[in-house]
Amino acid sequence: EKRYVSFTLKRSGAFVFMEVSNYYDGDGKVYVGMKTSKADGVMHGYGIKNMRRIVEKYGGEFSVRAENGAFYVTVLIPLPPVKK
């Protein structure tokens with residue numbers, strides 16, 4: 001089985017960086033709004049469009065890509081200013 005999920009979360013300066021990757025045996029054409037490859041597409045996840053909408057609501061950047069047999073979702077969100 002070629003199954004794995006990788007999750008990275010870290011602070012980088014005034015930003016939070018998150019990347020999730022998963023095995024992907026597709027054609028490499030990935031985009032926001034793509035449909036699930038699962039047979040029962042109704043019962044899977046929140047959806048890439050909703051994730052992007054939430055990230056952008058908080059002033060962040062959101063991207064998806066596929067390469068080397070993996071699917072990547074990358075998020076960069078600015079941290080709110082520290083109140084003193």
# chains A, B, ... in the order shown; residues from 1 in each chain; ligands from 1
call {"tool": "residues_around", "arguments": {"residues": "A:Asn68", "least_positions_apart": "2", "cutoff": "10 Å", "atoms": "only C-alpha atoms", "output": "list of chain:residue names"}}
result
A:Tyr23, A:Tyr24, A:Asp25, A:Gly28, A:Ala66, A:Ala70, A:Phe71
call {"tool": "residues_around", "arguments": {"residues": "A:Val55", "least_positions_apart": "3", "cutoff": "10 Å", "atoms": "only C-alpha atoms", "output": "ChimeraX atom specification"}}
result
/A:50-52,58-62,75-78
call {"tool": "atom_distance", "arguments": {"atom1": "atom CA of A:Val5", "atom2": "atom CA of A:Glu19"}}
result
10.5 Å
call {"tool": "residues_around", "arguments": {"residues": "A:Thr74", "least_positions_apart": "6", "cutoff": "8 Å", "atoms": "only C-alpha atoms", "output": "number ranges by chain"}}
result
A: 17-20, 62-64
call {"tool": "closest_residue", "arguments": {"among": "A:Asn22, A:Gly47, A:Lys57, A:Lys83", "to": "A:Lys2", "atoms": "only C-alpha atoms"}}
result
A:Asn22
call {"tool": "atom_distance", "arguments": {"atom1": "atom CA of A:Leu79", "atom2": "atom CA of A:Ala14"}}
result
5.5 Å
call {"tool": "select_by_dssp", "arguments": {"residues": "stretch 43-76 of chain A", "states": "strand (DSSP E)", "output": "number ranges by chain"}}
result
A: 61-67, 70-76
call {"tool": "write_last_selection", "arguments": {"atoms": "N, CA, C and O atoms", "output": "PDB file, in the first residue's frame"}}
result
ATOM      1  N   GLU A  61      -2.563  32.767   2.782  1.00  0.00           N
ATOM      2  CA  GLU A  61      -2.382  32.256   1.424  1.00  0.00           C
ATOM      3  C   GLU A  61      -2.575  30.748   1.446  1.00  0.00           C
ATOM      4  O   GLU A  61      -2.167  30.070   2.396  1.00  0.00           O
ATOM      5  N   PHE A  62      -3.157  30.207   0.392  1.00  0.00           N
ATOM      6  CA  PHE A  62      -3.512  28.807   0.310  1.00  0.00           C
ATOM      7  C   PHE A  62      -3.118  28.280  -1.062  1.00  0.00           C
ATOM      8  O   PHE A  62      -3.392  28.932  -2.075  1.00  0.00           O
ATOM      9  N   SER A  63      -2.476  27.129  -1.112  1.00  0.00           N
ATOM     10  CA  SER A  63      -2.148  26.549  -2.415  1.00  0.00           C
ATOM     11  C   SER A  63      -2.245  25.031  -2.363  1.00  0.00           C
ATOM     12  O   SER A  63      -2.122  24.420  -1.296  1.00  0.00           O
ATOM     13  N   VAL A  64      -2.493  24.454  -3.522  1.00  0.00           N
ATOM     14  CA  VAL A  64      -2.486  23.002  -3.685  1.00  0.00           C
ATOM     15  C   VAL A  64      -1.590  22.666  -4.862  1.00  0.00           C
ATOM     16  O   VAL A  64      -1.482  23.445  -5.818  1.00  0.00           O
ATOM     17  N   ARG A  65      -0.939  21.505  -4.781  1.00  0.00           N
ATOM     18  CA  ARG A  65      -0.097  21.059  -5.886  1.00  0.00           C
ATOM     19  C   ARG A  65       0.093  19.546  -5.771  1.00  0.00           C
ATOM     20  O   ARG A  65      -0.108  18.976  -4.702  1.00  0.00           O
ATOM     21  N   ALA A  66       0.497  18.944  -6.853  1.00  0.00           N
ATOM     22  CA  ALA A  66       0.833  17.522  -6.857  1.00  0.00           C
ATOM     23  C   ALA A  66       2.172  17.366  -7.551  1.00  0.00           C
ATOM     24  O   ALA A  66       2.413  17.970  -8.601  1.00  0.00           O
ATOM     25  N   GLU A  67       3.035  16.568  -6.935  1.00  0.00           N
ATOM     26  CA  GLU A  67       4.330  16.272  -7.540  1.00  0.00           C
ATOM     27  C   GLU A  67       4.928  15.049  -6.862  1.00  0.00           C
ATOM     28  O   GLU A  67       4.666  14.802  -5.687  1.00  0.00           O
ATOM     29  N   ALA A  70       2.674  12.761  -4.692  1.00  0.00           N
ATOM     30  CA  ALA A  70       2.044  13.292  -3.476  1.00  0.00           C
ATOM     31  C   ALA A  70       1.199  14.511  -3.818  1.00  0.00           C
ATOM     32  O   ALA A  70       1.455  15.227  -4.784  1.00  0.00           O
ATOM     33  N   PHE A  71       0.191  14.734  -3.002  1.00  0.00           N
ATOM     34  CA  PHE A  71      -0.707  15.876  -3.101  1.00  0.00           C
ATOM     35  C   PHE A  71      -0.417  16.764  -1.893  1.00  0.00           C
ATOM     36  O   PHE A  71      -0.369  16.271  -0.769  1.00  0.00           O
ATOM     37  N   TYR A  72      -0.174  18.052  -2.104  1.00  0.00           N
ATOM     38  CA  TYR A  72       0.196  18.973  -1.031  1.00  0.00           C
ATOM     39  C   TYR A  72      -0.825  20.093  -0.893  1.00  0.00           C
ATOM     40  O   TYR A  72      -1.239  20.686  -1.890  1.00  0.00           O
ATOM     41  N   VAL A  73      -1.189  20.395   0.346  1.00  0.00           N
ATOM     42  CA  VAL A  73      -1.978  21.580   0.677  1.00  0.00           C
ATOM     43  C   VAL A  73      -1.084  22.426   1.578  1.00  0.00           C
ATOM     44  O   VAL A  73      -0.625  21.962   2.627  1.00  0.00           O
ATOM     45  N   THR A  74      -0.809  23.653   1.159  1.00  0.00           N
ATOM     46  CA  THR A  74       0.086  24.539   1.908  1.00  0.00           C
ATOM     47  C   THR A  74      -0.672  25.798   2.313  1.00  0.00           C
ATOM     48  O   THR A  74      -1.372  26.392   1.493  1.00  0.00           O
ATOM     49  N   VAL A  75      -0.503  26.194   3.574  1.00  0.00           N
ATOM     50  CA  VAL A  75      -1.207  27.346   4.135  1.00  0.00           C
ATOM     51  C   VAL A  75      -0.204  28.239   4.854  1.00  0.00           C
ATOM     52  O   VAL A  75       0.664  27.750   5.583  1.00  0.00           O
ATOM     53  N   LEU A  76      -0.332  29.541   4.665  1.00  0.00           N
ATOM     54  CA  LEU A  76       0.460  30.536   5.383  1.00  0.00           C
ATOM     55  C   LEU A  76      -0.515  31.585   5.904  1.00  0.00           C
ATOM     56  O   LEU A  76      -1.209  32.234   5.115  1.00  0.00           O
TER      57      LEU A  76
END
call {"tool": "decode", "arguments": {"residues": "stretch 44-60 of chain A", "atoms": "N, CA and C atoms", "output": "PDB file, in the first residue's frame"}}
result
ATOM      1  N   HIS A  44     -16.748  12.874   2.283  1.00  0.00           N
ATOM      2  CA  HIS A  44     -15.310  13.053   2.453  1.00  0.00           C
ATOM      3  C   HIS A  44     -14.914  14.500   2.650  1.00  0.00           C
ATOM      4  N   GLY A  45     -14.411  14.825   3.840  1.00  0.00           N
ATOM      5  CA  GLY A  45     -13.740  16.067   4.130  1.00  0.00           C
ATOM      6  C   GLY A  45     -14.577  17.332   4.018  1.00  0.00           C
ATOM      7  N   TYR A  46     -13.911  18.441   4.280  1.00  0.00           N
ATOM      8  CA  TYR A  46     -14.542  19.758   4.215  1.00  0.00           C
ATOM      9  C   TYR A  46     -14.488  20.342   2.818  1.00  0.00           C
ATOM     10  N   GLY A  47     -13.572  19.899   2.019  1.00  0.00           N
ATOM     11  CA  GLY A  47     -13.448  20.424   0.659  1.00  0.00           C
ATOM     12  C   GLY A  47     -12.400  21.508   0.571  1.00  0.00           C
ATOM     13  N   ILE A  48     -11.659  21.461  -0.509  1.00  0.00           N
ATOM     14  CA  ILE A  48     -10.560  22.410  -0.707  1.00  0.00           C
ATOM     15  C   ILE A  48     -11.074  23.841  -0.817  1.00  0.00           C
ATOM     16  N   LYS A  49     -12.218  24.038  -1.463  1.00  0.00           N
ATOM     17  CA  LYS A  49     -12.744  25.406  -1.592  1.00  0.00           C
ATOM     18  C   LYS A  49     -13.040  26.023  -0.232  1.00  0.00           C
ATOM     19  N   ASN A  50     -13.598  25.239   0.686  1.00  0.00           N
ATOM     20  CA  ASN A  50     -13.898  25.769   2.019  1.00  0.00           C
ATOM     21  C   ASN A  50     -12.631  26.052   2.806  1.00  0.00           C
ATOM     22  N   MET A  51     -11.624  25.202   2.670  1.00  0.00           N
ATOM     23  CA  MET A  51     -10.356  25.461   3.358  1.00  0.00           C
ATOM     24  C   MET A  51      -9.735  26.761   2.862  1.00  0.00           C
ATOM     25  N   ARG A  52      -9.734  26.946   1.550  1.00  0.00           N
ATOM     26  CA  ARG A  52      -9.168  28.185   0.990  1.00  0.00           C
ATOM     27  C   ARG A  52      -9.943  29.401   1.488  1.00  0.00           C
ATOM     28  N   ARG A  53     -11.268  29.302   1.508  1.00  0.00           N
ATOM     29  CA  ARG A  53     -12.097  30.421   1.958  1.00  0.00           C
ATOM     30  C   ARG A  53     -11.752  30.823   3.399  1.00  0.00           C
ATOM     31  N   ILE A  54     -11.577  29.856   4.274  1.00  0.00           N
ATOM     32  CA  ILE A  54     -11.248  30.144   5.673  1.00  0.00           C
ATOM     33  C   ILE A  54      -9.872  30.768   5.791  1.00  0.00           C
ATOM     34  N   VAL A  55      -8.888  30.229   5.078  1.00  0.00           N
ATOM     35  CA  VAL A  55      -7.529  30.785   5.122  1.00  0.00           C
ATOM     36  C   VAL A  55      -7.532  32.226   4.628  1.00  0.00           C
ATOM     37  N   GLU A  56      -8.200  32.492   3.527  1.00  0.00           N
ATOM     38  CA  GLU A  56      -8.235  33.853   2.982  1.00  0.00           C
ATOM     39  C   GLU A  56      -9.009  34.808   3.878  1.00  0.00           C
ATOM     40  N   LYS A  57      -9.998  34.311   4.599  1.00  0.00           N
ATOM     41  CA  LYS A  57     -10.745  35.136   5.552  1.00  0.00           C
ATOM     42  C   LYS A  57      -9.804  35.747   6.587  1.00  0.00           C
ATOM     43  N   TYR A  58      -8.765  35.011   6.968  1.00  0.00           N
ATOM     44  CA  TYR A  58      -7.802  35.485   7.965  1.00  0.00           C
ATOM     45  C   TYR A  58      -6.544  36.083   7.333  1.00  0.00           C
ATOM     46  N   GLY A  59      -6.630  36.439   6.054  1.00  0.00           N
ATOM     47  CA  GLY A  59      -5.526  37.135   5.388  1.00  0.00           C
ATOM     48  C   GLY A  59      -4.386  36.241   4.980  1.00  0.00           C
ATOM     49  N   GLY A  60      -4.640  34.945   4.875  1.00  0.00           N
ATOM     50  CA  GLY A  60      -3.581  34.001   4.550  1.00  0.00           C
ATOM     51  C   GLY A  60      -3.528  33.631   3.082  1.00  0.00           C
TER      52      GLY A  60
END
